[in-house]
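One structure is given below, encoded as structure tokens.
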Amino acid sequence: MPTGLFITLEGGDGSGKSTQIKFLLRRLQTRHINSVAVREPGGTPLGNGLRQLLKFSDIPLSPEAELLLFNASRAQLVADVIQPALERGEVVLCDRFTDSTLAYQGYGRGIPLERVEAVNMAATGGLKPDLTIFLDLSPEEGMGRRSTTRDRFEQRFEQKGIMDFHQRVRKGYLELASKEPERWLTLDARLSSREVSRLIWRRVEPLVGGIRP
Ligand code: TYD
């Protein structure tokens, strides 16, 4: 039975997830709470290999192949990193998790949600985040904030009409959040990173109260 705390961050490109993970990790570590931060896809040798493939190779991928590859990375990450850390009672911060697959491969790419859920379940054994922080931003604003050049993720999605795709992803996130309001904290990513970080901490601090350093 896991005793730690599992927090995931979700949001579109340019929403500031990685900055917030850094801030939150620092806050936890300052309080001597054992914490680990990981990202998807990645975090294990298999995950890093799949990340390279998904991000940089030009091998054509069907939506279903994509669904399985993201979940192959996830299965290994859960088994090797997330589950053991939770069993040790640690806080795990994960940059994207199953909700990304529902939003991108489900709402974005059009795979039926029940099918995405079934594959997610196979990869995670049913592990669910205790808290999911969604940094909400319109695709237009997200694009404007991005500094990195487009990778293969982006190029694959682009063929489908990038703005429409990202609108569907955003709508998907909002629907997922409205279905489970107690698990989700939705924040306006246009707020300053300092303010977003304050709101995140306000929600997380009581949850880590029970975790001893
Ligand atoms: P990444 O370069 O990690 O950037 P960021 O998380 O900051 O956006 O890109 C990950 C990409 O993979 C992103 O476009 C979303 C996509 N993705 C999926 O389509 N499905 C998934 O299950 C996951 C985990 C990610």
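For the structure tokens, the naming scheme is as follows: chains receive sequential letters (A, B, ...) according to their order of presentation, residues are indexed from 1 within each chain, and ligands are indexed from 1 in presentation order.
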
* What are the DSSP helix (DSSP H, G or I) residues of region 1-212 of chain A, as a PyMOL selection string? -> chain A and resi 17-30+45-56+63-87+98-108+113-124+139-145+152-158+162-179+193-208

Please identify the residues whose atoms come within 6 Å of ligand 1, using only C-alpha atoms and all ligand atoms, and report them as a short mmCIF file (atom, residue, chain, number, x, y, z; two decimals) with C-alpha atoms, in the first residue's frame.
```cif
data_model
loop_
_atom_site.label_atom_id
_atom_site.label_comp_id
_atom_site.auth_asym_id
_atom_site.auth_seq_id
_atom_site.Cartn_x
_atom_site.Cartn_y
_atom_site.Cartn_z
CA GLY A 12 -0.17 22.43 -22.89
CA ASP A 13 3.09 23.62 -24.35
CA GLU A 40 6.94 11.54 -19.22
CA PRO A 41 7.94 10.13 -21.54
CA PHE A 70 3.71 6.51 -24.32
CA ARG A 96 2.55 14.55 -17.34
CA PHE A 97 0.88 11.20 -16.66
CA SER A 100 -1.87 13.59 -20.95
CA THR A 101 -2.71 10.44 -22.88
CA TYR A 104 -3.63 14.12 -26.46
CA GLN A 105 -4.32 10.64 -27.83
CA PHE A 153 5.63 15.53 -31.46
#
```

* To do: Give the strand (DSSP E) residues of region 33-206 of chain A, as DSSP finds them on the backbone, and put them as a list in words.
  =>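 Matching residues for strand (DSSP E) in region 33-206 of chain A are Ser35, Val36, Ala37, Val38, Arg39, Val91, Val92, Leu93, Cys94, Asp95, Leu131, Thr132, Ile133, Phe134, Leu135, Asp136, Trp184, Leu185, Thr186, Leu187 and Asp188 of chain A.
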
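Of note, CA of Glu114 (chain A) and CA of Trp184 (chain A) are spaced 20.1 Å apart.
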
* Find the residues around Leu50 (chain A) up to 10 Å (only C-alpha atoms counted), leave out those fewer than 3 positions away in its own chain, and share them as a VMD selection string. => chain A and resid 40 to 42 44 to 47 53 to 57 69 to 70 72 to 73

Long-range neighbours of region 21-37 of chain A as a CSV table (one decimal) with all heavy atoms, in the first residue's frame, 10 Å cut-off, only C-alpha atoms, 2 positions minimum in chain:
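selection_15.csv written:
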```
chain,number,residue,atom,x,y,z
A,4,GLY,N,3.2,7.3,0.2
A,4,GLY,CA,3.6,8.6,-0.2
A,4,GLY,C,2.5,9.5,-0.8
A,4,GLY,O,1.3,9.2,-0.6
A,5,LEU,N,3.0,10.5,-1.6
A,5,LEU,CA,2.0,11.4,-2.2
A,5,LEU,C,2.4,11.5,-3.7
A,5,LEU,O,3.5,11.8,-4.0
A,5,LEU,CB,2.1,12.7,-1.5
A,5,LEU,CG,1.1,13.8,-1.9
A,5,LEU,CD1,-0.3,13.4,-1.5
A,5,LEU,CD2,1.5,15.1,-1.3
A,6,PHE,N,1.4,11.3,-4.5
A,6,PHE,CA,1.6,11.3,-6.0
A,6,PHE,C,1.0,12.5,-6.6
A,6,PHE,O,-0.3,12.6,-6.6
A,6,PHE,CB,1.1,10.0,-6.6
A,6,PHE,CG,1.4,9.8,-8.0
A,6,PHE,CD1,2.6,10.4,-8.6
A,6,PHE,CD2,0.6,9.1,-8.9
A,6,PHE,CE1,2.9,10.2,-10.0
A,6,PHE,CE2,0.9,8.9,-10.2
A,6,PHE,CZ,2.0,9.5,-10.8
A,7,ILE,N,1.8,13.5,-7.1
A,7,ILE,CA,1.3,14.7,-7.7
A,7,ILE,C,1.7,14.8,-9.2
A,7,ILE,O,2.9,14.6,-9.5
A,7,ILE,CB,1.8,15.9,-7.0
A,7,ILE,CG1,1.4,15.9,-5.5
A,7,ILE,CG2,1.3,17.2,-7.6
A,7,ILE,CD1,2.0,17.0,-4.6
A,8,THR,N,0.7,15.0,-10.1
A,8,THR,CA,1.1,15.1,-11.5
A,8,THR,C,0.8,16.6,-11.9
A,8,THR,O,-0.1,17.3,-11.4
A,8,THR,CB,0.3,14.1,-12.3
A,8,THR,OG1,-1.1,14.3,-12.2
A,8,THR,CG2,0.6,12.7,-12.0
A,9,LEU,N,1.6,17.0,-12.9
A,9,LEU,CA,1.3,18.3,-13.5
A,9,LEU,C,0.9,18.1,-15.0
A,9,LEU,O,1.6,17.3,-15.7
A,9,LEU,CB,2.6,19.2,-13.4
A,9,LEU,CG,2.6,20.0,-12.1
A,9,LEU,CD1,3.3,19.2,-11.1
A,9,LEU,CD2,3.1,21.4,-12.3
A,16,GLY,N,4.3,26.3,-18.4
A,16,GLY,CA,5.2,26.6,-17.3
A,16,GLY,C,5.3,25.4,-16.3
A,16,GLY,O,5.7,25.6,-15.2
A,17,LYS,N,4.9,24.2,-16.8
A,17,LYS,CA,5.0,23.0,-15.9
A,17,LYS,C,6.4,22.8,-15.3
A,17,LYS,O,6.5,22.5,-14.1
A,17,LYS,CB,4.6,21.7,-16.6
A,17,LYS,CG,3.1,21.6,-16.9
A,17,LYS,CD,2.9,20.3,-17.6
A,17,LYS,CE,3.3,20.2,-19.0
A,17,LYS,NZ,4.5,19.5,-19.3
A,18,SER,N,7.4,22.9,-16.1
A,18,SER,CA,8.7,22.5,-15.6
A,18,SER,C,9.2,23.5,-14.6
A,18,SER,O,9.8,23.1,-13.6
A,18,SER,CB,9.7,22.2,-16.7
A,18,SER,OG,9.6,23.3,-17.6
A,19,THR,N,8.9,24.8,-14.8
A,19,THR,CA,9.3,25.8,-13.8
A,19,THR,C,8.6,25.5,-12.5
A,19,THR,O,9.2,25.5,-11.4
A,19,THR,CB,8.8,27.2,-14.3
A,19,THR,OG1,9.3,27.4,-15.6
A,19,THR,CG2,9.2,28.3,-13.3
A,39,ARG,N,9.6,12.9,-15.4
A,39,ARG,CA,8.7,13.4,-16.5
A,39,ARG,C,8.4,12.3,-17.5
A,39,ARG,O,9.2,11.3,-17.6
A,39,ARG,CB,9.4,14.6,-17.3
A,39,ARG,CG,10.6,14.1,-18.1
A,39,ARG,CD,11.1,15.1,-19.0
A,39,ARG,NE,12.3,14.6,-19.6
A,39,ARG,CZ,13.2,15.3,-20.3
A,39,ARG,NH1,13.0,16.6,-20.4
A,39,ARG,NH2,14.3,14.8,-20.9
A,43,GLY,N,12.5,9.0,-17.9
A,43,GLY,CA,12.7,8.6,-16.5
A,43,GLY,C,13.3,7.3,-16.2
A,43,GLY,O,13.7,6.9,-15.1
A,81,VAL,N,10.4,3.5,-10.8
A,81,VAL,CA,10.6,4.7,-10.0
A,81,VAL,C,9.4,5.1,-9.1
A,81,VAL,O,9.6,5.3,-7.9
A,81,VAL,CB,11.0,5.9,-11.0
A,81,VAL,CG1,11.3,7.2,-10.2
A,81,VAL,CG2,12.1,5.5,-11.9
A,82,ILE,N,8.2,5.3,-9.8
A,82,ILE,CA,7.1,5.9,-9.0
A,82,ILE,C,6.6,5.0,-7.9
A,82,ILE,O,6.5,5.4,-6.7
A,82,ILE,CB,5.9,6.2,-10.0
A,82,ILE,CG1,6.4,7.2,-11.1
A,82,ILE,CG2,4.7,6.8,-9.2
A,82,ILE,CD1,5.4,7.6,-12.1
A,85,ALA,N,9.1,4.7,-5.0
A,85,ALA,CA,9.2,5.9,-4.2
A,85,ALA,C,8.0,6.1,-3.3
A,85,ALA,O,8.1,6.5,-2.2
A,85,ALA,CB,9.4,7.1,-5.1
A,86,LEU,N,6.8,5.8,-3.9
A,86,LEU,CA,5.6,6.0,-3.1
A,86,LEU,C,5.6,5.0,-1.9
A,86,LEU,O,5.2,5.3,-0.8
A,86,LEU,CB,4.3,5.7,-3.9
A,86,LEU,CG,4.1,6.8,-5.0
A,86,LEU,CD1,2.9,6.4,-5.9
A,86,LEU,CD2,3.8,8.2,-4.3
A,88,ARG,N,8.2,4.0,-0.4
A,88,ARG,CA,9.1,4.5,0.7
A,88,ARG,C,8.5,5.7,1.4
A,88,ARG,O,9.2,6.3,2.2
A,88,ARG,CB,10.4,4.9,0.0
A,88,ARG,CG,11.3,3.8,-0.5
A,88,ARG,CD,12.7,4.2,-0.9
A,88,ARG,NE,12.7,5.3,-1.9
A,88,ARG,CZ,12.8,5.0,-3.2
A,88,ARG,NH1,12.9,3.8,-3.6
A,88,ARG,NH2,12.8,6.0,-4.1
A,89,GLY,N,7.3,6.1,1.0
A,89,GLY,CA,6.7,7.3,1.6
A,89,GLY,C,7.1,8.6,1.1
A,89,GLY,O,6.8,9.6,1.7
A,90,GLU,N,7.6,8.6,-0.1
A,90,GLU,CA,8.1,9.9,-0.7
A,90,GLU,C,7.0,10.7,-1.5
A,90,GLU,O,6.0,10.1,-1.8
A,90,GLU,CB,9.3,9.6,-1.6
A,90,GLU,CG,10.5,9.0,-0.8
A,90,GLU,CD,11.7,8.7,-1.7
A,90,GLU,OE1,11.7,9.2,-2.9
A,90,GLU,OE2,12.6,8.1,-1.2
A,91,VAL,N,7.3,11.9,-1.8
A,91,VAL,CA,6.4,12.7,-2.7
A,91,VAL,C,7.0,12.5,-4.1
A,91,VAL,O,8.2,12.7,-4.3
A,91,VAL,CB,6.4,14.2,-2.3
A,91,VAL,CG1,5.5,15.0,-3.2
A,91,VAL,CG2,5.9,14.4,-0.8
A,92,VAL,N,6.1,12.1,-5.0
A,92,VAL,CA,6.5,12.0,-6.4
A,92,VAL,C,5.8,13.1,-7.2
A,92,VAL,O,4.6,13.2,-7.2
A,92,VAL,CB,6.2,10.6,-7.0
A,92,VAL,CG1,6.5,10.5,-8.4
A,92,VAL,CG2,6.9,9.5,-6.2
A,93,LEU,N,6.6,13.9,-7.9
A,93,LEU,CA,6.1,14.9,-8.8
A,93,LEU,C,6.3,14.4,-10.2
A,93,LEU,O,7.5,14.1,-10.6
A,93,LEU,CB,6.8,16.2,-8.7
A,93,LEU,CG,7.0,16.8,-7.2
A,93,LEU,CD1,7.7,18.1,-7.2
A,93,LEU,CD2,5.6,17.0,-6.6
A,94,CYS,N,5.3,14.3,-11.0
A,94,CYS,CA,5.4,13.8,-12.4
A,94,CYS,C,4.9,14.8,-13.4
A,94,CYS,O,3.7,15.2,-13.3
A,94,CYS,CB,4.7,12.4,-12.4
A,94,CYS,SG,5.1,11.5,-13.9
A,95,ASP,N,5.8,15.2,-14.3
A,95,ASP,CA,5.5,16.1,-15.4
A,95,ASP,C,4.8,15.3,-16.5
A,95,ASP,O,5.4,14.6,-17.2
A,95,ASP,CB,6.8,16.7,-15.9
A,95,ASP,CG,6.6,17.8,-16.9
A,95,ASP,OD1,5.5,17.9,-17.4
A,95,ASP,OD2,7.5,18.6,-17.1
A,193,SER,N,4.5,33.4,-12.5
A,193,SER,CA,4.9,32.1,-12.0
A,193,SER,C,5.0,32.1,-10.5
A,193,SER,O,4.7,31.1,-9.8
A,193,SER,CB,6.3,31.7,-12.6
A,193,SER,OG,7.2,32.7,-12.3
A,194,ARG,N,5.2,33.3,-9.9
A,194,ARG,CA,5.3,33.4,-8.5
A,194,ARG,C,3.9,33.1,-7.9
A,194,ARG,O,3.8,32.4,-6.9
A,194,ARG,CB,5.7,34.8,-8.1
A,194,ARG,CG,6.3,35.0,-6.8
A,194,ARG,CD,6.5,36.5,-6.6
A,194,ARG,NE,6.4,36.8,-5.2
A,194,ARG,CZ,7.4,37.0,-4.5
A,194,ARG,NH1,8.6,37.0,-5.0
A,194,ARG,NH2,7.3,37.3,-3.2
A,197,SER,N,2.9,29.5,-8.3
A,197,SER,CA,3.6,28.7,-7.3
A,197,SER,C,3.0,28.8,-5.9
A,197,SER,O,2.9,27.8,-5.1
A,197,SER,CB,5.1,29.1,-7.3
A,197,SER,OG,5.7,29.0,-6.1
A,198,ARG,N,2.6,30.0,-5.6
A,198,ARG,CA,1.9,30.2,-4.3
A,198,ARG,C,0.6,29.4,-4.1
A,198,ARG,O,0.3,28.8,-3.1
A,198,ARG,CB,1.6,31.7,-4.1
A,198,ARG,CG,1.2,32.1,-2.7
A,198,ARG,CD,0.8,33.6,-2.6
A,198,ARG,NE,-0.4,33.9,-3.3
A,198,ARG,CZ,-1.6,33.6,-2.9
A,198,ARG,NH1,-1.8,33.1,-1.7
A,198,ARG,NH2,-2.7,33.9,-3.6
A,200,ILE,N,-0.2,26.8,-5.8
A,200,ILE,CA,0.2,25.3,-5.8
A,200,ILE,C,0.5,24.9,-4.3
A,200,ILE,O,0.0,23.9,-3.8
A,200,ILE,CB,1.3,25.0,-6.8
A,200,ILE,CG1,0.8,25.1,-8.2
A,200,ILE,CG2,1.8,23.6,-6.5
A,200,ILE,CD1,1.8,24.8,-9.3
A,201,TRP,N,1.4,25.7,-3.7
A,201,TRP,CA,1.8,25.4,-2.4
A,201,TRP,C,0.7,25.4,-1.4
A,201,TRP,O,0.6,24.6,-0.5
A,201,TRP,CB,3.0,26.3,-2.0
A,201,TRP,CG,3.5,25.9,-0.6
A,201,TRP,CD1,3.6,26.6,0.5
A,201,TRP,CD2,4.2,24.7,-0.3
A,201,TRP,NE1,4.2,25.9,1.5
A,201,TRP,CE2,4.5,24.7,1.0
A,201,TRP,CE3,4.4,23.5,-1.1
A,201,TRP,CZ2,5.2,23.6,1.7
A,201,TRP,CZ3,5.0,22.4,-0.4
A,201,TRP,CH2,5.4,22.5,0.9
A,204,VAL,N,-0.8,22.1,-1.8
A,204,VAL,CA,0.1,20.9,-1.4
A,204,VAL,C,0.4,20.9,0.0
A,204,VAL,O,0.5,19.8,0.6
A,204,VAL,CB,1.3,21.0,-2.4
A,204,VAL,CG1,2.3,19.9,-1.9
A,204,VAL,CG2,0.9,20.8,-3.8
A,205,GLU,N,0.7,22.0,0.6
A,205,GLU,CA,1.2,22.1,2.0
A,205,GLU,C,0.4,21.2,3.0
A,205,GLU,O,0.9,20.4,3.7
A,205,GLU,CB,1.3,23.5,2.5
A,205,GLU,CG,2.1,23.6,3.8
A,205,GLU,CD,2.4,25.0,4.3
A,205,GLU,OE1,1.6,25.9,3.8
A,205,GLU,OE2,3.3,25.2,5.1
A,208,VAL,N,1.1,17.4,2.5
A,208,VAL,CA,2.4,16.9,3.0
A,208,VAL,C,2.5,16.9,4.5
A,208,VAL,O,3.5,16.4,5.0
A,208,VAL,CB,3.6,17.6,2.3
A,208,VAL,CG1,3.7,17.3,0.8
A,208,VAL,CG2,3.7,19.1,2.6
A,209,GLY,N,1.5,17.5,5.1
A,209,GLY,CA,1.6,17.6,6.6
A,209,GLY,C,1.8,16.2,7.2
A,209,GLY,O,2.5,16.1,8.2
A,211,ILE,N,3.4,13.7,6.0
A,211,ILE,CA,4.6,13.0,5.5
A,211,ILE,C,5.7,13.5,6.4
A,211,ILE,O,6.0,14.7,6.4
A,211,ILE,CB,4.8,13.2,4.0
A,211,ILE,CG1,3.7,12.6,3.3
A,211,ILE,CG2,6.2,12.7,3.6
A,211,ILE,CD1,3.9,12.6,1.8
A,212,ARG,N,6.4,12.6,7.1
A,212,ARG,CA,7.5,13.0,7.9
A,212,ARG,C,8.8,13.2,7.1
A,212,ARG,O,9.0,12.3,6.3
A,212,ARG,CB,7.8,12.0,9.0
A,212,ARG,CG,6.9,12.1,10.2
A,212,ARG,CD,6.9,10.7,10.8
A,212,ARG,NE,5.5,10.5,11.4
A,212,ARG,CZ,5.3,10.4,12.7
A,212,ARG,NH1,6.3,10.6,13.5
A,212,ARG,NH2,4.1,10.3,13.2
A,213,PRO,N,9.6,14.1,7.5
A,213,PRO,CA,10.9,14.2,6.8
A,213,PRO,C,11.7,13.0,7.1
A,213,PRO,O,11.6,12.4,8.2
A,213,PRO,CB,11.6,15.5,7.5
A,213,PRO,CG,10.5,16.2,8.1
A,213,PRO,CD,9.4,15.2,8.4
```

* At what distance in Å, to one decimal, does CA of Met121 (chain A) lie from CA of Ala75 (chain A)? -> 9.5 Å
